[in-house]
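Pasted below: input_30.pdb, PDB, C-alpha atoms and all ligand atoms.
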```pdb
ATOM      1  CA  MET A   1      22.247  11.003  12.499
ATOM      2  CA  PRO A   2      23.089  14.420  10.995
ATOM      3  CA  LEU A   3      20.228  15.907   9.024
ATOM      4  CA  CYS A   4      22.266  15.949   5.813
ATOM      5  CA  SER A   5      22.670  12.170   5.872
ATOM      6  CA  VAL A   6      19.003  11.621   6.826
ATOM      7  CA  ILE A   7      17.862  13.120   3.592
ATOM      8  CA  GLY A   8      20.675  11.383   1.735
ATOM      9  CA  LYS A   9      22.192  14.455   0.043
ATOM     10  CA  THR A  10      25.051  16.867   0.574
ATOM     11  CA  ILE A  11      23.467  20.297   1.038
ATOM     12  CA  PRO A  12      24.639  23.782   2.074
ATOM     13  CA  TRP A  13      24.336  24.661   5.805
ATOM     14  CA  TYR A  14      21.697  27.373   5.222
ATOM     15  CA  PHE A  15      19.452  24.918   3.386
ATOM     16  CA  SER A  16      19.962  22.456   6.208
ATOM     17  CA  ALA A  17      18.845  25.166   8.679
ATOM     18  CA  MET A  18      15.789  25.930   6.516
ATOM     19  CA  ILE A  19      14.579  22.336   6.385
ATOM     20  CA  LEU A  20      14.825  22.100  10.170
ATOM     21  CA  PHE A  21      11.584  24.106  10.102
ATOM     22  CA  MET A  22       9.956  22.008   7.383
ATOM     23  CA  ASN A  23       7.995  18.798   7.643
ATOM     24  CA  LEU A  24      10.388  15.913   6.935
ATOM     25  CA  LEU A  25       8.908  12.644   5.694
ATOM     26  CA  THR A  26      10.243   9.537   3.996
ATOM     27  CA  VAL A  27       9.208   6.129   2.662
ATOM     28  CA  ILE A  28      11.137   3.082   3.895
ATOM     29  CA  GLY A  29      11.340  -0.192   1.995
ATOM     30  CA  ASN A  30      13.600  -2.671   0.234
ATOM     31  CA  PRO A  31      13.768  -2.160  -2.710
ATOM     32  CA  ILE A  32      12.791   1.519  -2.657
ATOM     33  CA  ALA A  33      14.308   3.208  -5.742
ATOM     34  CA  HIS A  34      11.106   2.649  -7.779
ATOM     35  CA  SER A  35       8.824   4.363  -5.228
ATOM     36  CA  LEU A  36       6.561   7.142  -6.512
ATOM     37  CA  SER A  37       5.580   8.229  -3.002
ATOM     38  CA  PRO A  38       7.885  11.326  -2.979
ATOM     39  CA  THR A  39       6.405  12.526  -6.301
ATOM     40  CA  ILE A  40       2.839  12.058  -5.042
ATOM     41  CA  GLN A  41       3.390  13.678  -1.642
ATOM     42  CA  LEU A  42       5.115  16.690  -3.225
ATOM     43  CA  LEU A  43       2.166  17.129  -5.607
ATOM     44  CA  PHE A  44      -0.162  17.084  -2.575
ATOM     45  CA  SER A  45       2.121  19.618  -0.886
ATOM     46  CA  GLY A  46       1.885  21.943  -3.903
ATOM     47  CA  GLN A  47      -1.892  21.558  -3.904
ATOM     48  CA  THR A  48      -2.401  22.279  -0.177
ATOM     49  CA  GLY A  49       0.460  24.717   0.465
ATOM     50  CA  ILE A  50       1.996  22.632   3.266
ATOM     51  CA  GLU A  51       5.803  22.707   2.857
ATOM     52  CA  LEU A  52       7.502  19.343   3.131
ATOM     53  CA  VAL A  53      10.619  17.383   2.259
ATOM     54  CA  TYR A  54       9.888  13.756   1.358
ATOM     55  CA  ASP A  55      12.630  11.295   0.362
ATOM     56  CA  LYS A  56      13.284   7.530   0.156
ATOM     57  CA  THR A  57      15.070   5.371   2.727
ATOM     58  CA  LEU A  58      16.472   1.934   1.985
ATOM     59  CA  ALA A  59      16.557  -0.362   5.023
ATOM     60  CA  THR A  60      17.243  -4.002   5.810
ATOM     61  CA  GLU A  61      15.478  -6.257   8.287
ATOM     62  CA  GLN A  62      18.557  -5.960  10.506
ATOM     63  CA  ASN A  63      18.697  -2.143  10.634
ATOM     64  CA  PHE A  64      14.973  -1.277  10.247
ATOM     65  CA  SER A  65      14.441  -0.562  13.938
ATOM     66  CA  THR A  66      17.591   1.613  14.183
ATOM     67  CA  VAL A  67      16.622   3.522  11.037
ATOM     68  CA  LEU A  68      13.181   4.259  12.534
ATOM     69  CA  GLN A  69      14.723   5.454  15.800
ATOM     70  CA  GLN A  70      16.954   7.866  13.870
ATOM     71  CA  LEU A  71      14.092   9.134  11.719
ATOM     72  CA  ALA A  72      11.919   9.711  14.779
ATOM     73  CA  THR A  73      14.404  12.371  15.961
ATOM     74  CA  THR A  74      14.174  14.432  12.753
ATOM     75  CA  HIS A  75      11.003  13.459  10.861
ATOM     76  CA  ILE A  76       7.303  13.955  11.590
ATOM     77  CA  GLY A  77       6.498  10.569  10.090
ATOM     78  CA  CYS A  78       7.078   8.059   7.324
ATOM     79  CA  ASN A  79       5.469   5.548   5.020
ATOM     80  CA  ILE A  80       6.477   1.904   5.210
ATOM     81  CA  THR A  81       6.413  -0.419   2.234
ATOM     82  CA  ALA A  82       7.324  -4.071   1.535
ATOM     83  CA  PRO A  83       8.672  -5.969   3.358
ATOM     84  CA  PHE A  84       8.520  -3.984   6.631
ATOM     85  CA  LYS A  85       4.805  -3.449   7.372
ATOM     86  CA  THR A  86       4.581  -6.185   9.992
ATOM     87  CA  LEU A  87       7.825  -5.046  11.641
ATOM     88  CA  ALA A  88       6.474  -1.473  11.769
ATOM     89  CA  TRP A  89       3.270  -2.781  13.382
ATOM     90  CA  GLN A  90       5.395  -4.476  16.058
ATOM     91  CA  LEU A  91       7.440  -1.325  16.701
ATOM     92  CA  ALA A  92       4.612   1.260  16.824
ATOM     93  CA  THR A  93       3.840   2.430  20.356
ATOM     94  CA  ARG A  94       0.147   3.051  19.557
ATOM     95  CA  LEU A  95      -2.084   1.842  16.715
ATOM     96  CA  THR A  96      -5.142   3.178  14.931
ATOM     97  CA  PRO A  97      -8.022   0.654  14.659
ATOM     98  CA  GLU A  98      -7.107   0.092  10.960
ATOM     99  CA  ALA A  99      -3.507  -0.826  11.828
ATOM    100  CA  ALA A 100      -4.529  -2.943  14.822
ATOM    101  CA  THR A 101      -6.994  -4.964  12.709
ATOM    102  CA  ALA A 102      -4.553  -5.331   9.816
ATOM    103  CA  LYS A 103      -1.562  -6.162  12.028
ATOM    104  CA  ALA A 104       0.404  -4.138   9.482
ATOM    105  CA  VAL A 105       1.489  -0.465   9.473
ATOM    106  CA  ASN A 106       2.148   1.542   6.296
ATOM    107  CA  THR A 107       2.119   5.016   7.903
ATOM    108  CA  LEU A 108       3.802   6.254  11.081
ATOM    109  CA  HIS A 109       3.412   9.600  12.829
ATOM    110  CA  PHE A 110       6.217  10.483  15.265
ATOM    111  CA  ASN A 111       4.923  12.763  17.979
ATOM    112  CA  SER A 112       6.606  13.525  21.329
ATOM    113  CA  GLY A 113       8.105  10.063  21.652
ATOM    114  CA  GLU A 114       4.955   8.298  20.472
ATOM    115  CA  TRP A 115       5.014   6.269  17.236
ATOM    116  CA  LEU A 116       1.403   6.180  16.070
ATOM    117  CA  GLY A 117       0.953   3.423  13.485
ATOM    118  CA  HIS A 118      -1.808   3.579  10.876
ATOM    119  CA  ASN A 119      -2.778   1.583   7.791
ATOM    120  CA  THR A 120      -4.154   3.358   4.715
ATOM    121  CA  ASP A 121      -3.849   0.466   2.227
ATOM    122  CA  GLY A 122      -7.447  -0.667   2.806
ATOM    123  CA  ILE A 123      -9.062   2.730   2.252
ATOM    124  CA  GLY A 124      -6.682   3.279  -0.698
ATOM    125  CA  LEU A 125      -7.724   0.120  -2.522
ATOM    126  CA  VAL A 126     -11.448   0.395  -1.765
ATOM    127  CA  THR A 127     -11.542   4.064  -2.827
ATOM    128  CA  ASP A 128      -9.804   3.238  -6.107
ATOM    129  CA  LEU A 129     -12.119   0.294  -6.815
ATOM    130  CA  THR A 130     -15.440   1.825  -5.775
ATOM    131  CA  HIS A 131     -14.889   5.531  -6.509
ATOM    132  CA  ASN A 132     -12.317   5.814  -9.320
ATOM    133  CA  LEU A 133     -13.240   2.579 -11.132
ATOM    134  CA  GLN A 134     -16.910   2.540 -10.104
ATOM    135  CA  PHE A 135     -16.667  -1.172  -9.242
ATOM    136  CA  LYS A 136     -19.188  -2.184  -6.543
ATOM    137  CA  LEU A 137     -17.797  -4.785  -4.129
ATOM    138  CA  THR A 138     -21.083  -5.581  -2.364
ATOM    139  CA  ASP A 139     -22.315  -9.125  -3.128
ATOM    140  CA  LYS A 140     -19.294  -9.843  -5.322
ATOM    141  CA  THR A 141     -17.043 -12.910  -5.147
ATOM    142  CA  ILE A 142     -13.466 -11.735  -4.617
ATOM    143  CA  LEU A 143     -10.319 -13.799  -5.119
ATOM    144  CA  LEU A 144      -7.355 -12.296  -3.291
ATOM    145  CA  LEU A 145      -3.848 -13.584  -4.072
ATOM    146  CA  GLY A 146      -1.179 -13.238  -1.372
ATOM    147  CA  ALA A 147      -1.159 -13.073   2.421
ATOM    148  CA  GLY A 148       1.601 -10.581   3.224
ATOM    149  CA  GLY A 149       1.485  -7.070   4.688
ATOM    150  CA  ALA A 150      -0.542  -5.586   1.831
ATOM    151  CA  ALA A 151      -3.142  -8.388   2.019
ATOM    152  CA  ARG A 152      -3.477  -7.810   5.763
ATOM    153  CA  GLY A 153      -4.070  -4.116   5.128
ATOM    154  CA  VAL A 154      -6.726  -4.466   2.451
ATOM    155  CA  ILE A 155      -8.740  -7.514   3.587
ATOM    156  CA  PRO A 156     -10.642  -5.826   6.479
ATOM    157  CA  ALA A 157     -11.618  -2.901   4.199
ATOM    158  CA  LEU A 158     -12.780  -5.295   1.458
ATOM    159  CA  LEU A 159     -14.835  -7.307   3.973
ATOM    160  CA  ALA A 160     -16.431  -4.091   5.281
ATOM    161  CA  CYS A 161     -17.934  -3.651   1.775
ATOM    162  CA  GLN A 162     -19.957  -6.856   2.320
ATOM    163  CA  PRO A 163     -18.817  -8.979  -0.631
ATOM    164  CA  LYS A 164     -20.631 -12.297  -1.156
ATOM    165  CA  GLN A 165     -17.461 -14.304  -0.535
ATOM    166  CA  LEU A 166     -13.693 -13.894  -0.183
ATOM    167  CA  ILE A 167     -11.263 -16.541  -1.405
ATOM    168  CA  ILE A 168      -7.630 -16.164  -0.342
ATOM    169  CA  ALA A 169      -4.894 -18.019  -2.259
ATOM    170  CA  ASN A 170      -1.252 -17.936  -1.247
ATOM    171  CA  ARG A 171       1.919 -19.940  -1.813
ATOM    172  CA  ASP A 172       2.310 -20.406   1.947
ATOM    173  CA  LEU A 173      -1.113 -21.810   2.880
ATOM    174  CA  ALA A 174      -0.531 -21.614   6.646
ATOM    175  CA  LYS A 175      -0.046 -17.853   6.347
ATOM    176  CA  ALA A 176      -3.297 -17.489   4.366
ATOM    177  CA  ASN A 177      -5.168 -19.604   6.938
ATOM    178  CA  LEU A 178      -3.875 -17.385   9.729
ATOM    179  CA  VAL A 179      -4.948 -14.177   7.960
ATOM    180  CA  ALA A 180      -8.401 -15.687   7.255
ATOM    181  CA  ALA A 181      -8.849 -16.841  10.860
ATOM    182  CA  GLU A 182      -8.055 -13.367  12.198
ATOM    183  CA  GLN A 183     -10.922 -11.645  10.355
ATOM    184  CA  ASN A 184     -13.958 -10.618  12.385
ATOM    185  CA  THR A 185     -16.680 -10.868   9.736
ATOM    186  CA  GLN A 186     -19.883 -12.597   8.668
ATOM    187  CA  VAL A 187     -18.575 -12.792   5.079
ATOM    188  CA  PRO A 188     -17.626 -16.390   4.166
ATOM    189  CA  ILE A 189     -13.841 -16.734   3.665
ATOM    190  CA  SER A 190     -12.162 -19.766   2.124
ATOM    191  CA  VAL A 191      -8.473 -20.465   1.667
ATOM    192  CA  GLN A 192      -7.258 -22.332  -1.398
ATOM    193  CA  THR A 193      -4.016 -23.278  -3.074
ATOM    194  CA  TYR A 194      -3.370 -21.832  -6.526
ATOM    195  CA  THR A 195      -3.973 -25.256  -8.054
ATOM    196  CA  GLN A 196      -7.380 -25.648  -6.334
ATOM    197  CA  LEU A 197      -8.802 -22.500  -7.959
ATOM    198  CA  GLU A 198     -11.407 -23.216 -10.629
ATOM    199  CA  HIS A 199     -14.733 -21.340 -10.218
ATOM    200  CA  SER A 200     -15.213 -17.936 -11.777
ATOM    201  CA  VAL A 201     -14.996 -14.816  -9.594
ATOM    202  CA  ASP A 202     -16.042 -11.179 -10.056
ATOM    203  CA  CYS A 203     -12.772  -9.623  -8.980
ATOM    204  CA  ILE A 204      -9.187 -10.885  -8.698
ATOM    205  CA  ILE A 205      -6.903  -8.807  -6.497
ATOM    206  CA  ASN A 206      -3.209  -9.646  -6.673
ATOM    207  CA  THR A 207      -1.423  -8.513  -3.512
ATOM    208  CA  ALA A 208       1.548 -10.865  -4.007
ATOM    209  CA  THR A 209       4.924  -9.588  -5.180
ATOM    210  CA  ALA A 210       4.784 -12.083  -8.084
ATOM    211  CA  PHE A 211       1.715 -13.131 -10.085
ATOM    212  CA  THR A 212       0.971 -16.840 -10.407
ATOM    213  CA  PRO A 213      -0.892 -17.660 -13.674
ATOM    214  CA  LEU A 214      -4.392 -18.930 -12.835
ATOM    215  CA  PRO A 215      -6.703 -21.364 -14.632
ATOM    216  CA  ALA A 216      -8.812 -19.488 -17.210
ATOM    217  CA  THR A 217     -11.964 -20.779 -15.476
ATOM    218  CA  VAL A 218     -11.578 -18.134 -12.721
ATOM    219  CA  LEU A 219     -12.561 -15.510 -15.290
ATOM    220  CA  HIS A 220     -15.986 -14.577 -16.587
ATOM    221  CA  ALA A 221     -16.785 -11.848 -19.111
ATOM    222  CA  ASN A 222     -16.809  -9.055 -16.496
ATOM    223  CA  THR A 223     -14.088 -10.165 -14.075
ATOM    224  CA  LEU A 224     -11.970  -7.229 -12.966
ATOM    225  CA  CYS A 225      -8.285  -8.148 -12.498
ATOM    226  CA  TYR A 226      -6.530  -5.709 -10.161
ATOM    227  CA  ASP A 227      -2.804  -5.871  -9.402
ATOM    228  CA  LEU A 228      -1.544  -3.813  -6.446
ATOM    229  CA  ARG A 229       1.798  -3.523  -8.231
ATOM    230  CA  TYR A 230       2.281  -0.699 -10.713
ATOM    231  CA  HIS A 231       5.740  -1.669 -12.016
ATOM    232  CA  ASN A 232       7.490  -5.000 -12.716
ATOM    233  CA  ASN A 233       4.041  -6.502 -13.324
ATOM    234  CA  ALA A 234       4.632  -8.016 -16.788
ATOM    235  CA  ASP A 235       3.631 -11.477 -15.444
ATOM    236  CA  PHE A 236       0.160 -10.140 -14.595
ATOM    237  CA  LEU A 237      -0.229  -8.134 -17.817
ATOM    238  CA  THR A 238       0.836 -11.105 -19.965
ATOM    239  CA  TRP A 239      -1.779 -13.350 -18.337
ATOM    240  CA  THR A 240      -4.615 -10.783 -18.486
ATOM    241  CA  THR A 241      -3.793  -9.953 -22.121
ATOM    242  CA  GLN A 242      -3.698 -13.654 -23.064
ATOM    243  CA  HIS A 243      -7.204 -14.010 -21.604
ATOM    244  CA  SER A 244      -8.555 -10.630 -22.796
ATOM    245  CA  ALA A 245      -9.395  -9.772 -19.204
ATOM    246  CA  ARG A 246      -9.966  -6.271 -17.822
ATOM    247  CA  ALA A 247      -6.700  -5.376 -16.051
ATOM    248  CA  VAL A 248      -5.977  -2.476 -13.719
ATOM    249  CA  ASP A 249      -2.700  -1.673 -11.938
ATOM    250  CA  GLY A 250      -2.248  -0.334  -8.412
ATOM    251  CA  LEU A 251      -1.391   3.264  -9.310
ATOM    252  CA  GLY A 252      -4.834   4.527  -8.275
ATOM    253  CA  MET A 253      -4.537   2.717  -4.944
ATOM    254  CA  LEU A 254      -1.067   4.169  -4.456
ATOM    255  CA  VAL A 255      -2.391   7.706  -4.851
ATOM    256  CA  GLU A 256      -5.444   7.067  -2.657
ATOM    257  CA  GLN A 257      -3.469   5.463   0.173
ATOM    258  CA  ALA A 258      -0.965   8.340  -0.034
ATOM    259  CA  ALA A 259      -3.818  10.876   0.243
ATOM    260  CA  ALA A 260      -5.134   9.098   3.339
ATOM    261  CA  ALA A 261      -1.606   9.182   4.834
ATOM    262  CA  TYR A 262      -1.322  12.901   4.050
ATOM    263  CA  GLU A 263      -4.624  13.521   5.825
ATOM    264  CA  PHE A 264      -3.374  11.464   8.791
ATOM    265  CA  TRP A 265      -0.242  13.667   9.131
ATOM    266  CA  PHE A 266      -1.689  17.078   8.285
ATOM    267  CA  GLY A 267      -5.480  16.848   8.724
ATOM    268  CA  VAL A 268      -6.038  17.958   5.110
ATOM    269  CA  LYS A 269      -7.354  15.635   2.392
ATOM    270  CA  PRO A 270      -5.735  16.352  -0.991
ATOM    271  CA  ILE A 271      -7.575  15.966  -4.297
ATOM    272  CA  THR A 272      -6.356  12.748  -5.904
ATOM    273  CA  ARG A 273      -7.757  12.812  -9.443
ATOM    274  CA  PRO A 274      -5.293  15.371 -10.971
ATOM    275  CA  VAL A 275      -2.366  13.623  -9.265
ATOM    276  CA  LEU A 276      -3.338  10.234 -10.698
ATOM    277  CA  LYS A 277      -3.868  11.838 -14.101
ATOM    278  CA  GLN A 278      -0.382  13.383 -13.987
ATOM    279  CA  LEU A 279       1.280  10.102 -12.948
ATOM    280  CA  ARG A 280      -0.458   8.243 -15.786
ATOM    281  CA  ALA A 281       0.636  10.942 -18.250
ATOM    282  CA  ASP A 282       4.240  10.798 -16.965
ATOM    283  CA  ARG A 283       4.296   7.028 -17.553
ATOM    284  CA  ALA A 284       2.676   7.119 -21.012
TER
HETATM  285  P1  LIG A 301       5.110  -8.907   1.609
HETATM  286  O1  LIG A 301       4.569  -8.658   2.965
HETATM  287  O2  LIG A 301       6.557  -9.155   1.429
HETATM  288  O3  LIG A 301       4.253 -10.181   1.018
HETATM  289  C1  LIG A 301       4.608 -10.759  -0.211
HETATM  290  C2  LIG A 301       3.499 -11.683  -0.711
HETATM  291  O4  LIG A 301       3.871 -12.097  -2.029
HETATM  292  C3  LIG A 301       3.337 -12.961   0.106
HETATM  293  O5  LIG A 301       1.989 -13.357   0.103
HETATM  294  C4  LIG A 301       4.195 -13.971  -0.656
HETATM  295  O6  LIG A 301       3.773 -15.313  -0.527
HETATM  296  C5  LIG A 301       3.929 -13.527  -2.085
HETATM  297  N1  LIG A 301       4.979 -13.950  -2.986
HETATM  298  C6  LIG A 301       6.277 -13.550  -2.996
HETATM  299  N2  LIG A 301       6.939 -14.151  -3.997
HETATM  300  C7  LIG A 301       6.043 -14.949  -4.620
HETATM  301  C8  LIG A 301       6.135 -15.836  -5.733
HETATM  302  N3  LIG A 301       7.290 -16.021  -6.412
HETATM  303  N4  LIG A 301       5.015 -16.499  -6.128
HETATM  304  C9  LIG A 301       3.843 -16.311  -5.458
HETATM  305  N5  LIG A 301       3.699 -15.498  -4.392
HETATM  306  C10 LIG A 301       4.791 -14.823  -3.989
HETATM  307  O7  LIG A 301       4.772  -7.705   0.616
HETATM  308  P2  LIG A 301       3.498  -6.728   0.711
HETATM  309  O8  LIG A 301       3.774  -5.593   1.634
HETATM  310  O9  LIG A 301       2.310  -7.584   0.989
HETATM  311  O10 LIG A 301       3.437  -6.118  -0.770
HETATM  312  C11 LIG A 301       3.044  -6.916  -1.853
HETATM  313  C12 LIG A 301       3.025  -6.108  -3.147
HETATM  314  O11 LIG A 301       1.979  -5.145  -3.119
HETATM  315  C13 LIG A 301       4.311  -5.319  -3.399
HETATM  316  O12 LIG A 301       4.654  -5.479  -4.774
HETATM  317  C14 LIG A 301       3.936  -3.884  -3.098
HETATM  318  O13 LIG A 301       4.692  -2.954  -3.841
HETATM  319  C15 LIG A 301       2.477  -3.877  -3.530
HETATM  320  N6  LIG A 301       1.698  -2.823  -2.838
HETATM  321  C16 LIG A 301       1.138  -1.833  -3.591
HETATM  322  C17 LIG A 301       0.388  -0.861  -2.958
HETATM  323  C18 LIG A 301      -0.242   0.252  -3.748
HETATM  324  O14 LIG A 301      -0.610   1.260  -3.161
HETATM  325  N7  LIG A 301      -0.431   0.093  -5.041
HETATM  326  C19 LIG A 301       0.206  -0.876  -1.566
HETATM  327  C20 LIG A 301       0.767  -1.920  -0.848
HETATM  328  C21 LIG A 301       1.524  -2.894  -1.498
HETATM  329  P3  LIG A 301       4.277 -16.273   0.681
HETATM  330  O15 LIG A 301       3.501 -15.831   1.892
HETATM  331  O16 LIG A 301       3.925 -17.619   0.209
HETATM  332  O17 LIG A 301       5.765 -16.028   0.821
END
```

Translate the structure described by the file into structure tokens.
Amino acid sequence: MPLCSVIGKTIPWYFSAMILFMNLLTVIGNPIAHSLSPTIQLLFSGQTGIELVYDKTLATEQNFSTVLQQLATTHIGCNITAPFKTLAWQLATRLTPEAATAKAVNTLHFNSGEWLGHNTDGIGLVTDLTHNLQFKLTDKTILLLGAGGAARGVIPALLACQPKQLIIANRDLAKANLVAAEQNTQVPISVQTYTQLEHSVDCIINTATAFTPLPATVLHANTLCYDLRYHNNADFLTWTTQHSARAVDGLGMLVEQAAAAYEFWFGVKPITRPVLKQLRADRA
């Protein structure tokens, strides 16, 4: 694929020659237009002085593998978002322990024919919860909604914080049972349908692409309701507002998982707080 079409723009030849010597990155998903990853990675680039070009790539399940093969000839790596994290895990030629445990890849590094797959969703969520929001997960009862690629990424990191219990609820119960059975942990895990949920929990984490309204009994006065989504999340906000619950979106996780990806590619950890502050200000 010619470089000009990789980055999706018509550009003069001299600019094309210049970017040959820059670090090319992209985020692949479907849909992808909403993604804030380019904005975040360019803010990290400005902070650390590492020059990069970061764009968005729309793919389908049918062409995902071909798109990756093309990117691997021009790019140093990419991020992968819904719904391709499991496919990326299957296609990676080597995996970090985080990606192997999660069976989902959200970050790839292309290096001399090797596709090293990593997963930064877990560290992203846990850093946002425990560091940015000062919410301690140890000994807490956590209700996690969903059992897709994002759930796979975050569950091992949540379990490593030694919560008291993890409850997983998903529309497709077989999928939730499979994810639960794959965890290597002493933490008790139970799988429930949405309609079985009744007891109060300390933290609700929505990893599903749609929020299913829950019985009010899952809430107590201090329950933290965290939605991994940071746009198109009116269903979640309506429910949390109706119940006067503490609600947080996934913007902090997005920035933290992006910082971990940046460190994976470049060996430099950017400072996340000003970036998150800027994104919140841009959206206000
Ligand atoms: P995915 O692999 O496609 O999984 C989708 C999940 O959503 C599945 O559990 C699916 O349930 C559930 N779901 C879909 N439609 C539903 C509906 N109408 N009602 C109830 N459940 C429904 O996607 P993913 O990679 O896990 O991503 C999930 C979400 O997390 C996306 O919105 C993504 O943008 C967000 N995310 C945010 C961050 C961040 O940094 N903030 C990071 C990762 C992901 P079934 O199994 O029953 O089909």

Work out how far atom CA of Val187 of chain A is from atom CA of Arg229 of chain A, in Å to one decimal.
26.0 Å

Using only C-alpha atoms and all ligand atoms: which of A:Gly122, A:Gly250, A:Pro38, A:Pro97 has the shortest distance to ligand LIG 301 (chain A):
A:Gly250

Evaluate the PyMOL selection byres (((not hetatm)) within 9 of (chain A and resi 301)) here and jot the selected residues down as a PDB file with C-alpha atoms, keeping the file's coordinate frame.
```
ATOM      1  CA  SER A  35       8.824   4.363  -5.228  1.00  0.00           C
ATOM      2  CA  ILE A  80       6.477   1.904   5.210  1.00  0.00           C
ATOM      3  CA  THR A  81       6.413  -0.419   2.234  1.00  0.00           C
ATOM      4  CA  ALA A  82       7.324  -4.071   1.535  1.00  0.00           C
ATOM      5  CA  PRO A  83       8.672  -5.969   3.358  1.00  0.00           C
ATOM      6  CA  PHE A  84       8.520  -3.984   6.631  1.00  0.00           C
ATOM      7  CA  LYS A  85       4.805  -3.449   7.372  1.00  0.00           C
ATOM      8  CA  THR A  86       4.581  -6.185   9.992  1.00  0.00           C
ATOM      9  CA  ALA A 104       0.404  -4.138   9.482  1.00  0.00           C
ATOM     10  CA  ASN A 106       2.148   1.542   6.296  1.00  0.00           C
ATOM     11  CA  THR A 120      -4.154   3.358   4.715  1.00  0.00           C
ATOM     12  CA  ASP A 121      -3.849   0.466   2.227  1.00  0.00           C
ATOM     13  CA  GLY A 122      -7.447  -0.667   2.806  1.00  0.00           C
ATOM     14  CA  GLY A 124      -6.682   3.279  -0.698  1.00  0.00           C
ATOM     15  CA  LEU A 125      -7.724   0.120  -2.522  1.00  0.00           C
ATOM     16  CA  LEU A 145      -3.848 -13.584  -4.072  1.00  0.00           C
ATOM     17  CA  GLY A 146      -1.179 -13.238  -1.372  1.00  0.00           C
ATOM     18  CA  ALA A 147      -1.159 -13.073   2.421  1.00  0.00           C
ATOM     19  CA  GLY A 148       1.601 -10.581   3.224  1.00  0.00           C
ATOM     20  CA  GLY A 149       1.485  -7.070   4.688  1.00  0.00           C
ATOM     21  CA  ALA A 150      -0.542  -5.586   1.831  1.00  0.00           C
ATOM     22  CA  ALA A 151      -3.142  -8.388   2.019  1.00  0.00           C
ATOM     23  CA  ARG A 152      -3.477  -7.810   5.763  1.00  0.00           C
ATOM     24  CA  GLY A 153      -4.070  -4.116   5.128  1.00  0.00           C
ATOM     25  CA  VAL A 154      -6.726  -4.466   2.451  1.00  0.00           C
ATOM     26  CA  ALA A 169      -4.894 -18.019  -2.259  1.00  0.00           C
ATOM     27  CA  ASN A 170      -1.252 -17.936  -1.247  1.00  0.00           C
ATOM     28  CA  ARG A 171       1.919 -19.940  -1.813  1.00  0.00           C
ATOM     29  CA  ASP A 172       2.310 -20.406   1.947  1.00  0.00           C
ATOM     30  CA  LEU A 173      -1.113 -21.810   2.880  1.00  0.00           C
ATOM     31  CA  ALA A 174      -0.531 -21.614   6.646  1.00  0.00           C
ATOM     32  CA  LYS A 175      -0.046 -17.853   6.347  1.00  0.00           C
ATOM     33  CA  ALA A 176      -3.297 -17.489   4.366  1.00  0.00           C
ATOM     34  CA  ASN A 206      -3.209  -9.646  -6.673  1.00  0.00           C
ATOM     35  CA  THR A 207      -1.423  -8.513  -3.512  1.00  0.00           C
ATOM     36  CA  ALA A 208       1.548 -10.865  -4.007  1.00  0.00           C
ATOM     37  CA  THR A 209       4.924  -9.588  -5.180  1.00  0.00           C
ATOM     38  CA  ALA A 210       4.784 -12.083  -8.084  1.00  0.00           C
ATOM     39  CA  PHE A 211       1.715 -13.131 -10.085  1.00  0.00           C
ATOM     40  CA  THR A 212       0.971 -16.840 -10.407  1.00  0.00           C
ATOM     41  CA  ASP A 227      -2.804  -5.871  -9.402  1.00  0.00           C
ATOM     42  CA  LEU A 228      -1.544  -3.813  -6.446  1.00  0.00           C
ATOM     43  CA  ARG A 229       1.798  -3.523  -8.231  1.00  0.00           C
ATOM     44  CA  TYR A 230       2.281  -0.699 -10.713  1.00  0.00           C
ATOM     45  CA  HIS A 231       5.740  -1.669 -12.016  1.00  0.00           C
ATOM     46  CA  ASN A 232       7.490  -5.000 -12.716  1.00  0.00           C
ATOM     47  CA  ASN A 233       4.041  -6.502 -13.324  1.00  0.00           C
ATOM     48  CA  ASP A 249      -2.700  -1.673 -11.938  1.00  0.00           C
ATOM     49  CA  GLY A 250      -2.248  -0.334  -8.412  1.00  0.00           C
ATOM     50  CA  LEU A 251      -1.391   3.264  -9.310  1.00  0.00           C
ATOM     51  CA  GLY A 252      -4.834   4.527  -8.275  1.00  0.00           C
ATOM     52  CA  MET A 253      -4.537   2.717  -4.944  1.00  0.00           C
ATOM     53  CA  LEU A 254      -1.067   4.169  -4.456  1.00  0.00           C
ATOM     54  CA  VAL A 255      -2.391   7.706  -4.851  1.00  0.00           C
ATOM     55  CA  GLU A 256      -5.444   7.067  -2.657  1.00  0.00           C
ATOM     56  CA  GLN A 257      -3.469   5.463   0.173  1.00  0.00           C
ATOM     57  CA  ALA A 258      -0.965   8.340  -0.034  1.00  0.00           C
TER      58      ALA A 258
END
```

Starting from the shown file, work through the PyMOL selection byres (((chain A and resi 201) around 12) and not hetatm) and note down what comes out as a ChimeraX atom specification.
/A:137,139-144,163-168,197-200,202-205,214-225

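From atom CA of Gly113 of chain A back to atom CA of Thr96 of chain A, the distance works out to 16.4 Å.
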
Near-Ala259 of chain A list (8 Å; all atoms listed in the file; drop same-chain fewer than 2 positions) as a PyMOL selection string
chain A and resi 41+44+255-257+261-263+269-272

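Against the coordinates shown, the PyMOL selection byres (((chain A and resi 186) around 10) and not hetatm) returns A:Leu159, A:Ala160, A:Gln162, A:Lys164, A:Gln165, A:Gln183, A:Asn184, A:Thr185, A:Val187, A:Pro188, A:Ile189.
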